[in-house]
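Below is target14.txt, which holds compact mmCIF, C-alpha atoms.
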```txt
# COMPACT_ATOMS: atom_id res chain seq x y z
CA MET I 1 37.44 81.24 -11.52
CA ASN I 2 35.13 79.97 -14.24
CA GLY I 3 33.75 77.22 -12.00
CA ALA I 4 30.62 75.14 -11.78
CA HIS I 5 29.29 77.51 -9.12
CA ASP I 6 28.78 80.27 -11.70
CA LEU I 7 25.36 79.01 -12.77
CA GLY I 8 23.56 82.10 -14.08
CA GLY I 9 22.06 81.51 -17.53
CA MET I 10 22.70 77.77 -17.77
CA HIS I 11 20.05 75.36 -19.03
CA GLY I 12 19.17 71.78 -18.25
CA PHE I 13 18.85 71.65 -14.47
CA GLY I 14 15.09 71.11 -14.57
CA PRO I 15 12.21 72.84 -12.83
CA VAL I 16 12.34 74.87 -9.63
CA VAL I 17 10.59 72.77 -7.01
CA LEU I 18 9.35 74.56 -3.90
CA GLU I 19 8.99 72.26 -0.89
CA PRO I 20 5.87 72.94 1.19
CA ASP I 21 6.56 73.46 4.91
CA GLU I 22 10.27 72.97 4.34
CA PRO I 23 12.31 72.37 7.51
CA VAL I 24 15.40 74.51 8.17
CA PHE I 25 17.60 71.41 7.97
CA HIS I 26 16.81 68.07 6.36
CA ALA I 27 19.17 65.87 8.36
CA GLU I 28 21.25 65.93 11.53
CA TRP I 29 24.51 66.02 9.56
CA GLU I 30 23.34 69.23 7.86
CA ARG I 31 22.81 70.85 11.26
CA ARG I 32 26.30 69.86 12.40
CA ALA I 33 28.00 70.79 9.10
CA PHE I 34 26.36 74.24 9.24
CA ALA I 35 27.28 74.85 12.87
CA LEU I 36 30.85 73.52 12.52
CA THR I 37 31.43 75.90 9.61
CA VAL I 38 30.16 78.93 11.55
CA ALA I 39 31.97 77.94 14.76
CA MET I 40 35.33 77.30 13.07
CA GLY I 41 34.96 80.59 11.18
CA GLY I 42 34.91 82.18 14.64
CA TRP I 43 38.65 81.49 14.98
CA GLY I 44 39.17 84.32 12.47
CA GLN I 45 41.69 82.43 10.37
CA TRP I 46 39.83 82.95 7.11
CA ASN I 47 37.34 85.44 5.74
CA LEU I 48 34.03 84.95 3.92
CA ASP I 49 35.62 85.28 0.49
CA MET I 50 38.14 82.55 1.35
CA SER I 51 35.24 80.31 2.46
CA ARG I 52 33.41 80.91 -0.80
CA HIS I 53 36.57 80.29 -2.81
CA ALA I 54 37.19 77.02 -0.97
CA ARG I 55 33.69 75.74 -1.89
CA GLU I 56 34.15 76.85 -5.50
CA GLN I 57 37.26 74.69 -5.81
CA MET I 58 35.23 71.51 -5.44
CA PRO I 59 35.67 69.63 -8.76
CA PRO I 60 32.83 70.73 -11.10
CA ALA I 61 31.24 67.30 -11.60
CA GLU I 62 31.20 66.77 -7.84
CA TYR I 63 29.86 70.27 -7.14
CA LEU I 64 26.88 69.73 -9.43
CA ALA I 65 26.12 66.27 -8.02
CA THR I 66 26.11 67.24 -4.34
CA SER I 67 23.88 69.25 -2.06
CA TYR I 68 24.51 72.62 -0.50
CA TYR I 69 25.83 71.50 2.87
CA GLU I 70 28.12 69.01 1.16
CA HIS I 71 29.69 72.04 -0.54
CA TRP I 72 30.09 73.63 2.88
CA LEU I 73 31.59 70.47 4.31
CA TRP I 74 34.07 70.17 1.46
CA GLY I 75 35.07 73.82 1.81
CA LEU I 76 35.47 73.50 5.58
CA GLU I 77 37.76 70.48 5.20
CA GLN I 78 39.96 72.42 2.76
CA LEU I 79 40.19 75.41 5.10
CA LEU I 80 40.91 73.29 8.17
CA GLU I 81 43.79 71.63 6.38
CA ARG I 82 45.16 74.82 4.84
CA HIS I 83 45.18 76.60 8.19
CA GLY I 84 46.72 73.73 10.12
CA PHE I 85 43.68 72.77 12.22
CA LEU I 86 43.11 69.30 10.81
CA ALA I 87 44.47 67.34 7.85
CA ARG I 88 41.93 65.66 5.59
CA ALA I 89 43.95 62.47 6.01
CA GLU I 90 43.12 62.56 9.72
CA VAL I 91 39.40 62.56 8.95
CA ALA I 92 39.92 59.63 6.57
CA GLU I 93 41.89 57.78 9.23
CA ARG I 94 39.16 58.35 11.81
CA LEU I 95 36.62 56.98 9.34
CA ARG I 96 38.71 53.83 8.83
CA GLU I 97 38.94 53.31 12.59
CA GLY I 98 35.26 52.86 13.15
CA ALA I 99 31.79 53.52 11.88
CA GLU I 100 30.68 55.49 14.92
CA PRO I 101 33.51 57.67 16.14
CA THR I 102 33.43 58.29 19.85
CA ARG I 103 33.44 61.77 21.24
CA THR I 104 35.90 62.41 24.01
CA ALA I 105 34.96 65.23 26.31
CA VAL I 106 37.78 67.76 26.31
CA PRO I 107 37.43 71.29 27.64
CA SER I 108 37.49 73.56 24.62
CA ARG I 109 40.46 75.89 24.27
CA ALA I 110 40.41 79.58 24.96
CA GLY I 111 39.20 81.13 21.70
CA ALA I 112 36.74 78.36 20.86
CA LEU I 113 33.16 79.53 20.45
CA ARG I 114 31.09 79.07 23.65
CA PRO I 115 27.29 78.88 23.77
CA ALA I 116 27.14 82.26 25.50
CA ASP I 117 29.21 83.82 22.67
CA VAL I 118 26.80 82.76 19.92
CA PRO I 119 24.44 85.79 20.00
CA ARG I 120 27.38 88.19 19.89
CA LEU I 121 29.05 86.29 17.04
CA LEU I 122 25.88 86.38 14.97
CA ARG I 123 25.11 90.04 15.66
CA ASN I 124 28.58 91.40 15.04
CA ARG I 125 28.94 93.55 11.98
CA ARG I 126 31.57 91.97 9.85
CA ALA I 127 34.19 93.81 7.88
CA ALA I 128 32.85 93.80 4.32
CA ARG I 129 31.80 97.46 4.37
CA LEU I 130 34.73 99.82 4.88
CA ASP I 131 35.06 103.43 5.94
CA ASP I 132 38.00 104.15 3.64
CA PRO I 133 37.48 107.48 1.85
CA VAL I 134 37.74 106.03 -1.66
CA PRO I 135 36.11 108.20 -4.33
CA PRO I 136 33.54 106.46 -6.56
CA LYS I 137 34.42 105.98 -10.23
CA PHE I 138 30.76 106.02 -11.24
CA LYS I 139 27.43 107.50 -10.18
CA ALA I 140 23.81 106.50 -10.64
CA GLY I 141 22.81 106.81 -14.29
CA ASP I 142 26.31 106.22 -15.71
CA ALA I 143 26.61 103.79 -18.63
CA VAL I 144 29.16 101.08 -17.87
CA MET I 145 30.48 97.85 -19.33
CA ALA I 146 31.34 94.83 -17.22
CA ARG I 147 34.91 93.90 -18.01
CA ASN I 148 35.63 90.76 -19.97
CA ILE I 149 37.98 89.23 -17.44
CA ASN I 150 38.55 85.60 -16.48
CA PRO I 151 40.46 85.52 -13.20
CA THR I 152 41.59 82.04 -12.15
CA GLY I 153 41.10 82.90 -8.47
CA HIS I 154 37.93 83.92 -6.62
CA THR I 155 35.82 86.60 -8.26
CA ARG I 156 32.25 87.86 -7.96
CA ILE I 157 31.71 89.00 -11.55
CA PRO I 158 29.43 86.34 -13.03
CA ARG I 159 30.26 85.11 -16.53
CA TYR I 160 26.88 86.16 -17.92
CA VAL I 161 27.57 89.91 -17.49
CA ARG I 162 31.16 90.03 -18.78
CA GLY I 163 31.44 92.29 -21.81
CA ARG I 164 27.84 93.47 -21.36
CA ARG I 165 26.62 97.04 -21.01
CA GLY I 166 24.46 98.30 -18.20
CA VAL I 167 23.55 101.40 -16.25
CA VAL I 168 24.54 102.15 -12.67
CA ASP I 169 21.35 102.05 -10.60
CA ARG I 170 22.87 103.02 -7.25
CA ASP I 171 26.17 103.31 -5.40
CA HIS I 172 26.25 101.12 -2.28
CA GLY I 173 29.45 102.60 -0.86
CA VAL I 174 32.90 101.17 -0.19
CA PHE I 175 33.50 97.45 0.36
CA VAL I 176 36.26 94.87 0.53
CA PHE I 177 37.26 93.61 -2.94
CA PRO I 178 36.60 89.85 -2.99
CA ASP I 179 39.25 88.89 -5.55
CA THR I 180 42.11 90.12 -3.37
CA ASN I 181 40.41 89.39 -0.06
CA ALA I 182 40.00 85.70 -0.98
CA ALA I 183 43.65 85.51 -2.02
CA GLY I 184 44.79 87.12 1.24
CA THR I 185 46.48 89.92 -0.69
CA GLY I 186 44.55 92.85 0.74
CA ARG I 187 41.16 94.50 1.05
CA LYS I 188 41.57 96.88 -1.91
CA PRO I 189 38.62 99.09 -0.79
CA GLN I 190 36.37 100.29 -3.60
CA HIS I 191 32.77 101.14 -4.42
CA VAL I 192 30.09 98.56 -5.16
CA TYR I 193 27.18 99.48 -7.42
CA SER I 194 23.96 97.82 -8.48
CA VAL I 195 24.27 97.77 -12.26
CA ALA I 196 21.08 97.23 -14.28
CA PHE I 197 21.60 95.11 -17.39
CA PRO I 198 18.63 95.03 -19.80
CA ALA I 199 17.53 91.43 -20.35
CA ARG I 200 18.07 91.85 -24.10
CA GLU I 201 21.66 93.01 -23.59
CA LEU I 202 22.34 89.79 -21.68
CA TRP I 203 20.22 87.24 -23.50
CA GLY I 204 19.47 88.67 -26.94
CA PRO I 205 16.35 89.71 -28.83
CA ASP I 206 14.13 86.90 -27.48
CA ALA I 207 14.29 88.39 -23.99
CA ARG I 208 11.61 90.84 -22.91
CA ALA I 209 12.26 94.52 -23.49
CA ASN I 210 11.01 95.57 -20.05
CA ASP I 211 13.01 93.10 -17.93
CA ALA I 212 16.44 93.64 -16.39
CA VAL I 213 18.98 91.93 -14.15
CA TYR I 214 20.59 94.03 -11.41
CA VAL I 215 24.07 92.82 -10.45
CA ASP I 216 26.25 94.16 -7.63
CA LEU I 217 29.65 94.96 -9.11
CA TRP I 218 32.86 96.57 -7.84
CA ASP I 219 34.81 99.41 -9.51
CA ASP I 220 37.47 96.94 -10.67
CA TYR I 221 34.85 95.00 -12.65
CA LEU I 222 33.62 98.03 -14.62
CA ASP I 223 34.68 100.33 -17.45
CA PRO I 224 32.92 103.53 -18.55
CA VAL I 225 31.06 103.34 -21.85
CA MET K 1 5.21 78.43 3.44
CA ALA K 2 7.82 77.66 6.03
CA HIS K 3 7.27 77.77 9.76
CA ASP K 4 10.00 79.02 12.03
CA HIS K 5 9.56 76.21 14.48
CA ASP K 6 9.44 73.32 12.11
CA HIS K 7 11.78 70.46 12.78
CA ALA K 8 13.12 68.00 10.30
CA ASP K 9 12.12 64.84 12.12
CA GLY K 10 9.67 62.97 9.97
CA GLY K 11 9.33 65.98 7.70
CA ASP K 12 9.31 66.08 3.95
CA HIS K 13 12.61 66.30 2.19
CA ALA K 14 13.65 67.77 -1.07
CA PRO K 15 14.47 65.79 -4.19
CA GLU K 16 17.92 67.38 -4.26
CA HIS K 17 18.83 65.45 -1.15
CA HIS K 18 19.43 62.11 -2.78
CA HIS K 19 23.13 62.17 -1.98
CA GLY K 20 23.35 62.70 1.75
CA SER K 21 21.02 60.80 4.04
CA THR K 22 18.06 62.65 5.52
CA ASP K 23 15.78 62.29 8.50
CA ASP K 24 13.55 60.04 6.46
CA PRO K 25 11.16 57.82 8.42
CA ALA K 26 11.77 55.16 5.77
CA HIS K 27 15.44 55.13 6.82
CA PRO K 28 15.43 55.04 10.60
CA HIS K 29 18.36 56.14 12.70
CA ASN K 30 19.58 52.61 13.39
CA ALA K 31 20.24 52.15 9.68
CA PRO K 32 23.91 52.30 8.56
CA LEU K 33 25.15 55.85 8.46
CA SER K 34 25.86 57.38 5.06
CA ASP K 35 29.33 58.54 4.03
CA VAL K 36 28.47 62.17 4.61
CA GLN K 37 26.98 61.52 8.06
CA LEU K 38 30.13 59.66 9.05
CA ARG K 39 32.37 62.39 7.68
CA VAL K 40 30.59 65.07 9.68
CA LYS K 41 30.68 62.95 12.84
CA ALA K 42 34.39 62.28 12.39
CA LEU K 43 35.06 65.96 11.80
CA GLU K 44 33.11 67.06 14.86
CA SER K 45 34.78 64.40 17.04
CA LEU K 46 38.29 65.36 15.97
CA LEU K 47 37.68 69.10 16.40
CA THR K 48 36.03 68.53 19.78
CA GLU K 49 38.84 66.29 21.01
CA ARG K 50 41.32 69.05 20.15
CA GLY K 51 39.31 71.63 22.02
CA LEU K 52 38.61 73.59 18.84
CA VAL K 53 34.83 73.42 19.09
CA ASP K 54 32.43 73.21 22.00
CA PRO K 55 29.52 70.97 20.90
CA ALA K 56 27.17 72.99 23.09
CA ALA K 57 27.98 76.08 21.00
CA LEU K 58 27.06 74.10 17.88
CA ASP K 59 23.71 73.24 19.50
CA GLU K 60 23.16 76.93 20.24
CA LEU K 61 23.91 77.93 16.62
CA ILE K 62 21.49 75.32 15.31
CA ASP K 63 18.77 76.30 17.77
CA THR K 64 19.13 79.96 16.79
CA TYR K 65 18.27 79.29 13.15
CA GLU K 66 15.70 76.56 13.83
CA THR K 67 13.65 78.42 16.43
CA LYS K 68 14.64 82.10 16.74
CA VAL K 69 15.64 83.61 13.40
CA GLY K 70 13.33 82.94 10.49
CA PRO K 71 10.89 84.43 7.98
CA ARG K 72 8.43 85.55 10.66
CA ASN K 73 10.92 88.39 11.28
CA GLY K 74 10.61 89.55 7.69
CA ALA K 75 6.84 89.11 7.77
CA ARG K 76 6.62 91.52 10.71
CA VAL K 77 8.68 94.07 8.76
CA VAL K 78 6.41 93.78 5.73
CA ALA K 79 3.24 94.10 7.78
CA LYS K 80 4.60 97.19 9.53
CA ALA K 81 5.49 98.76 6.18
CA TRP K 82 1.94 98.11 4.95
CA VAL K 83 0.31 99.96 7.84
CA ASP K 84 2.90 102.68 8.56
CA PRO K 85 3.81 104.89 5.57
CA GLU K 86 6.59 106.69 7.46
CA PHE K 87 8.20 103.36 8.41
CA LYS K 88 7.92 102.20 4.81
CA ARG K 89 9.57 105.39 3.57
CA ARG K 90 12.50 104.89 5.95
CA LEU K 91 12.71 101.17 5.13
CA LEU K 92 13.05 101.85 1.42
CA ALA K 93 15.47 104.76 1.96
CA ASP K 94 17.75 103.09 4.53
CA ALA K 95 16.86 99.45 5.11
CA THR K 96 19.93 98.64 7.20
CA ALA K 97 19.29 101.32 9.84
CA THR K 98 15.52 100.84 9.84
CA LEU K 99 15.80 97.07 10.31
CA ALA K 100 18.46 97.56 12.99
CA ASP K 101 15.94 99.66 14.95
CA LEU K 102 13.77 96.53 15.11
CA GLY K 103 16.76 94.39 16.15
CA TYR K 104 17.22 92.69 12.81
CA ILE K 105 20.96 92.96 12.39
CA GLY K 106 23.96 90.70 12.06
CA ARG K 107 25.36 87.92 9.99
CA GLN K 108 24.29 87.91 6.33
CA GLY K 109 22.19 91.01 6.92
CA GLU K 110 24.91 93.57 7.54
CA ASP K 111 23.89 95.72 4.57
CA MET K 112 20.25 95.49 3.61
CA VAL K 113 18.19 96.75 0.67
CA VAL K 114 14.40 96.52 0.52
CA LEU K 115 12.76 96.34 -2.93
CA GLU K 116 9.14 97.36 -3.32
CA ASN K 117 6.83 95.38 -5.59
CA THR K 118 4.15 97.49 -7.26
CA PRO K 119 1.52 96.90 -9.95
CA ARG K 120 4.23 97.98 -12.46
CA VAL K 121 7.41 96.37 -11.07
CA HIS K 122 8.06 92.85 -9.79
CA ASN K 123 11.36 92.19 -7.99
CA LEU K 124 12.95 88.76 -7.67
CA VAL K 125 16.10 87.91 -5.66
CA VAL K 126 18.70 85.26 -6.50
CA CYS K 127 22.35 84.47 -5.83
CA THR K 128 23.69 82.83 -8.97
CA LEU K 129 27.20 82.33 -7.53
CA CYS K 130 26.33 80.76 -4.17
CA SER K 131 23.40 81.26 -1.80
CA CYS K 132 23.51 84.80 -0.41
CA TYR K 133 20.30 85.46 1.52
CA PRO K 134 19.18 87.91 4.25
CA TRP K 135 19.48 85.68 7.33
CA PRO K 136 18.29 88.13 10.06
CA VAL K 137 14.92 88.66 8.36
CA LEU K 138 14.38 85.35 6.52
CA GLY K 139 16.54 82.79 8.34
CA LEU K 140 18.54 80.23 6.37
CA PRO K 141 17.63 79.79 2.71
CA PRO K 142 15.40 76.97 1.44
CA VAL K 143 16.90 74.18 -0.66
CA TRP K 144 15.40 75.40 -3.94
CA TYR K 145 17.03 78.83 -3.49
CA LYS K 146 20.47 77.20 -3.18
CA SER K 147 19.96 74.71 -5.99
CA ALA K 148 21.04 74.77 -9.62
CA PRO K 149 17.58 75.07 -11.24
CA TYR K 150 16.78 78.38 -9.53
CA ARG K 151 20.31 79.82 -9.60
CA SER K 152 20.68 79.07 -13.33
CA ARG K 153 17.25 80.15 -14.52
CA ALA K 154 16.20 83.11 -12.37
CA VAL K 155 18.37 85.50 -14.42
CA ILE K 156 17.70 84.15 -17.93
CA ASP K 157 14.06 83.11 -17.57
CA PRO K 158 12.52 84.82 -14.55
CA ARG K 159 9.00 84.79 -16.01
CA GLY K 160 9.27 81.06 -16.74
CA VAL K 161 10.40 80.38 -13.18
CA LEU K 162 7.60 82.55 -11.80
CA ARG K 163 4.96 80.81 -13.94
CA GLU K 164 6.22 77.44 -12.73
CA VAL K 165 5.68 78.43 -9.11
CA GLY K 166 2.28 79.97 -9.79
CA VAL K 167 2.97 83.65 -10.47
CA ASP K 168 1.77 84.74 -13.90
CA LEU K 169 2.74 88.36 -14.49
CA PRO K 170 1.09 90.57 -17.10
CA ASP K 171 3.38 91.51 -20.00
CA ASP K 172 3.46 95.17 -19.02
CA VAL K 173 4.94 94.46 -15.58
CA GLU K 174 8.68 95.11 -15.44
CA VAL K 175 10.63 92.20 -13.95
CA ARG K 176 13.77 93.15 -12.03
CA VAL K 177 16.00 90.28 -11.00
CA TRP K 178 18.56 91.10 -8.27
CA ASP K 179 21.66 88.89 -8.31
CA SER K 180 23.24 89.11 -4.83
CA THR K 181 26.85 89.03 -5.99
CA ALA K 182 28.19 91.36 -3.25
CA GLU K 183 27.46 91.80 0.47
CA LEU K 184 24.15 93.61 -0.03
CA ARG K 185 21.21 91.47 1.03
CA TYR K 186 17.79 91.98 -0.54
CA LEU K 187 14.29 91.71 0.91
CA VAL K 188 11.24 92.09 -1.32
CA LEU K 189 8.34 94.14 0.03
CA PRO K 190 5.35 92.45 -1.60
CA GLU K 191 2.14 94.25 -2.52
CA ARG K 192 -0.49 94.37 0.18
CA PRO K 193 -3.40 92.19 -0.91
CA PRO K 194 -6.87 93.67 -1.38
CA GLY K 195 -9.50 92.92 1.22
CA THR K 196 -7.19 93.61 4.17
CA GLU K 197 -8.29 97.16 4.96
CA GLY K 198 -8.31 97.76 8.68
CA TRP K 199 -6.32 94.62 9.50
CA SER K 200 -3.82 94.77 12.35
CA GLU K 201 -0.09 94.33 11.83
CA ASP K 202 -0.23 90.89 13.46
CA GLU K 203 -3.06 89.75 11.19
CA LEU K 204 -1.25 91.06 8.13
CA ALA K 205 2.03 89.41 9.16
CA GLN K 206 0.25 86.04 9.15
CA LEU K 207 -0.43 86.47 5.43
CA VAL K 208 3.18 87.18 4.44
CA THR K 209 5.12 84.20 3.16
CA ARG K 210 8.86 83.69 2.91
CA ASP K 211 8.53 83.10 -0.83
CA ALA K 212 6.78 86.47 -1.31
CA MET K 213 9.76 88.18 0.38
CA ILE K 214 12.13 86.52 -2.12
CA GLY K 215 9.83 87.48 -4.99
CA VAL K 216 8.70 84.02 -6.12
CA ALA K 217 5.18 84.48 -4.75
CA GLN K 218 2.61 87.19 -4.28
CA VAL K 219 0.67 87.64 -1.08
CA GLY K 220 -2.79 86.27 -1.69
CA ALA K 221 -5.97 88.01 -0.67
CA PRO K 222 -7.54 86.58 2.50
CA GLY K 223 -9.21 83.27 1.85
CA THR K 224 -6.93 82.29 -1.03
CA SER K 225 -4.21 79.70 -0.64
CA ARG K 226 -1.29 81.67 -2.09
```
Re-express the file's structure as structure tokens.
Amino acid sequence: MNGAHDLGGMHGFGPVVLEPDEPVFHAEWERRAFALTVAMGGWGQWNLDMSRHAREQMPPAEYLATSYYEHWLWGLEQLLERHGFLARAEVAERLREGAEPTRTAVPSRAGALRPADVPRLLRNRRAARLDDPVPPKFKAGDAVMARNINPTGHTRIPRYVRGRRGVVDRDHGVFVFPDTNAAGTGRKPQHVYSVAFPARELWGPDARANDAVYVDLWDDYLDPV
Amino acid sequence: MAHDHDHADGGDHAPEHHHGSTDDPAHPHNAPLSDVQLRVKALESLLTERGLVDPAALDELIDTYETKVGPRNGARVVAKAWVDPEFKRRLLADATATLADLGYIGRQGEDMVVLENTPRVHNLVVCTLCSCYPWPVLGLPPVWYKSAPYRSRAVIDPRGVLREVGVDLPDDVEVRVWDSTAELRYLVLPERPPGTEGWSEDELAQLVTRDAMIGVAQVGAPGTSR
């Protein structure tokens, strides 16, 4: 989808400000929002592409006005509702009931993430790379063009490369295709390549001749030139 | 540069965090909770009451990324590559397997690529679409990496961004920006600074900053601040 998340090449957001000695989290709610997202992902009801797609569906004005973990929180609420864990209305109702919700100790169900499971969860290899024997459509050195496509669902082809020509730098092997994986319509295994786009091809003659942007793109995003 | 063991309490906070409340000493914890704090508390309470999350597991997840997994991991990798040419060769040829040998595997680092900075080539990593970042070697990403100014500008004006953060590259250096749009995760191997001949891996690792491993800084020679 052509959403507010697809930021590459936009102007007007101001300078990049590095924060000296930045903490990992800036507030307790960020810690909890992060951990809730990872823990609920452990139920296996949605994949990473579905998580990304959920965050991208935040209304554009809201997306640009909120911080990173607010995007996560918004996405988590969507996924919890969609998968029948918790309706957003229930969160709203709890908020109306009282400023400081109480926490009732309930033994967590079988399947809920336990402290002892955390190292295994974080070290598991997830299923993005696939072993399917899919032949590559391209090889390093091939000239390609990123397709001019505008899917309304989740996609990982940024707007700034669509219709632009580049050269395959390397073949990374076979991976899940995010467009179908986010929609729950299949893994559609295919090769991912780093494609080098000269800065001038992307941004015009004012860009420097010796600069380039390398973008990881799937077979379905590319045509031969 | 960031420290692995830093905690937020009383710490600085980024300008982007105007919306949600932070651990700001000017706004102590007995102050009214913000909307986002309340929402997260309500969410955690409801999920806990239904047995869907164990709060102790949340504590363990948080502790992992606040105290165990962070940019010191990456710094050790860089220092080793600087002193051990065979390790460096393997790291550049097959980063995933070589990092796994050191125990750096798992979430958001399943498929790794290491990019070598040289006097001729400067690599810079971004994720324009979200915030993809190599967690096992760098920990969770800093706010600026996830924010609109960096995500929008790194691809269209990398030299401008670099100048702003104190890296002025000669015109003849090739700038390669890597947009992490897939599940590959990128770690920059910065140039070893002069004046460090004979240094041990541990001493070298102390010089390596998180920002240098993203490509927005160079590793300064001993005695310089950056």
| said: Ranking I:Arg159, I:Val215, I:Glu93, I:Glu28 by minimum distance to K:Val125 and counting all atoms listed in the file, which one comes first? | reply: I:Val215
| message | One number please: atom CA of K:Asp202 to atom CA of K:Arg72, in Å, one decimal. | response |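 Calculated distance between atom CA of K:Asp202 and atom CA of K:Arg72 is 10.6 Å.
With only C-alpha atoms as the atoms that count, the minimum distance from K:Leu91 to the choices K:Glu203, K:Val188, K:Gln108, K:Val69 is reached by K:Val188.
The protein and nucleic acid residues lying at most 9 Å from K:Pro136 are Val69, Gly70, Pro71, Asn73, Gly74, Gly103, Tyr104, Ile105, Gly106, Arg107, Gln108, Gly109 and Glu110 of chain K, with all atoms listed in the file considered and sequence neighbours fewer than 5 positions away removed.
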| Which of these, I:Tyr221, I:Trp29, I:Trp74, I:Phe177, has the shortest distance to chain K once you count only C-alpha atoms? |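 Of all the options, I:Trp29 lies closest to chain K.
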| So which one's closest to chain I, K:Glu191, K:Asp211, K:Glu116, K:Asp179? Using only C-alpha atoms, please. |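 Closest candidate: K:Asp179.
Going from atom CA of I:Arg31 to atom CA of K:Val53 covers 14.6 Å.
Candidate residues K:Ala81, K:Ala100, K:Leu140, K:Leu46 were compared for distance to I:Phe34, and the nearest is K:Leu140, using all atoms listed in the file.
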Emit as lines of an AutoDock Vina configuration file the padded axis-aligned box for all listed atoms of stretch 39-42 of chain K, 3 Å per side, with centre and edge lengths in Å to one decimal.
```
center_x = 32.5
center_y = 63.7
center_z = 10.3
size_x = 9.8
size_y = 8.8
size_z = 11.2
```
| field | Option closest in space to chain K, from I:Arg164, I:Arg208, I:Lys188, I:Arg123 [counting only C-alpha atoms] | value |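 Checking each of I:Arg164, I:Arg208, I:Lys188, I:Arg123 against chain K, counting only C-alpha atoms, the winner is I:Arg123.
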| said: Quick check, in Å to one decimal: how far apart do atom CA of I:Tyr193 and atom CA of K:Ser180 lie? | reply: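 Atom-to-atom, atom CA of I:Tyr193 and atom CA of K:Ser180 are spaced 11.4 Å apart.
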| task | Just give me the residues with any atom within 10 Å of (36.6, 97.0, 8.0), file coordinates, counting all atoms listed in the file, written as a ChimeraX atom specification. | result | /I:125-132,174-176,187,189
Taking 4 positions as the minimum chain separation for residues in the same chain, which residues sit within 6 Å of stretch 146-162 of chain K when counting all atoms listed in the file? Answer as a PDB file with C-alpha atoms, in the coordinates of the input.
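Just written: out_34.pdb:
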```pdb
ATOM      1  CA  LEU I   7      25.360  79.010 -12.770  1.00  0.00           C
ATOM      2  CA  GLY I   8      23.560  82.100 -14.080  1.00  0.00           C
ATOM      3  CA  GLY I   9      22.060  81.510 -17.530  1.00  0.00           C
ATOM      4  CA  MET I  10      22.700  77.770 -17.770  1.00  0.00           C
ATOM      5  CA  PHE I  13      18.850  71.650 -14.470  1.00  0.00           C
ATOM      6  CA  GLY I  14      15.090  71.110 -14.570  1.00  0.00           C
ATOM      7  CA  VAL I  16      12.340  74.870  -9.630  1.00  0.00           C
TER       8      VAL I  16
ATOM      9  CA  THR K 128      23.690  82.830  -8.970  1.00  0.00           C
ATOM     10  CA  SER K 131      23.400  81.260  -1.800  1.00  0.00           C
ATOM     11  CA  VAL K 167       2.970  83.650 -10.470  1.00  0.00           C
ATOM     12  CA  VAL K 216       8.700  84.020  -6.120  1.00  0.00           C
TER      13      VAL K 216
END
```
| Residues at most 12 Å from K:His122, counting only C-alpha atoms, excluding those fewer than 2 positions away in the same chain, as number ranges by chain? | I: 210-213; K: 115-120, 124-125, 158-159, 162, 167-178, 188-191, 212-218
| request: Step by step: start from the point (31.4, 85.8, 19.3) in the file's coordinates, keep every protein, DNA or RNA residue that has an atom no farther than 12 Å from it, count all atoms listed in the file, and write the set as a list in words. | output: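 Within the cut-off we find Val38, Ala39, Met40, Gly41, Gly42, Trp43, Gly44, Gly111, Ala112, Leu113, Arg114, Pro115, Ala116, Asp117, Val118, Pro119, Arg120, Leu121, Leu122, Arg123, Asn124, Arg125 and Arg126 of chain I; Ala57, Leu61, Gly106 and Arg107 of chain K.
Once I:Arg52 and its same-chain neighbours fewer than 4 positions away are set aside, Asn47, Leu48, Glu56, Gln57, Trp72, Gly75, His154 and Ala182 of chain I; Cys130 of chain K remain within 9 Å of it when counting all atoms listed in the file.
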| query | Any idea what's packed within 10 Å of I:Asn148, counting only C-alpha atoms, ignoring anything in its chain fewer than 3 positions away? Could you give it as a list in words? | reply |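 In the requested format, the answer is Met145, Pro151, Ile157, Arg159, Val161, Arg162, Gly163, Arg164, Tyr221, Leu222 and Asp223 of chain I.
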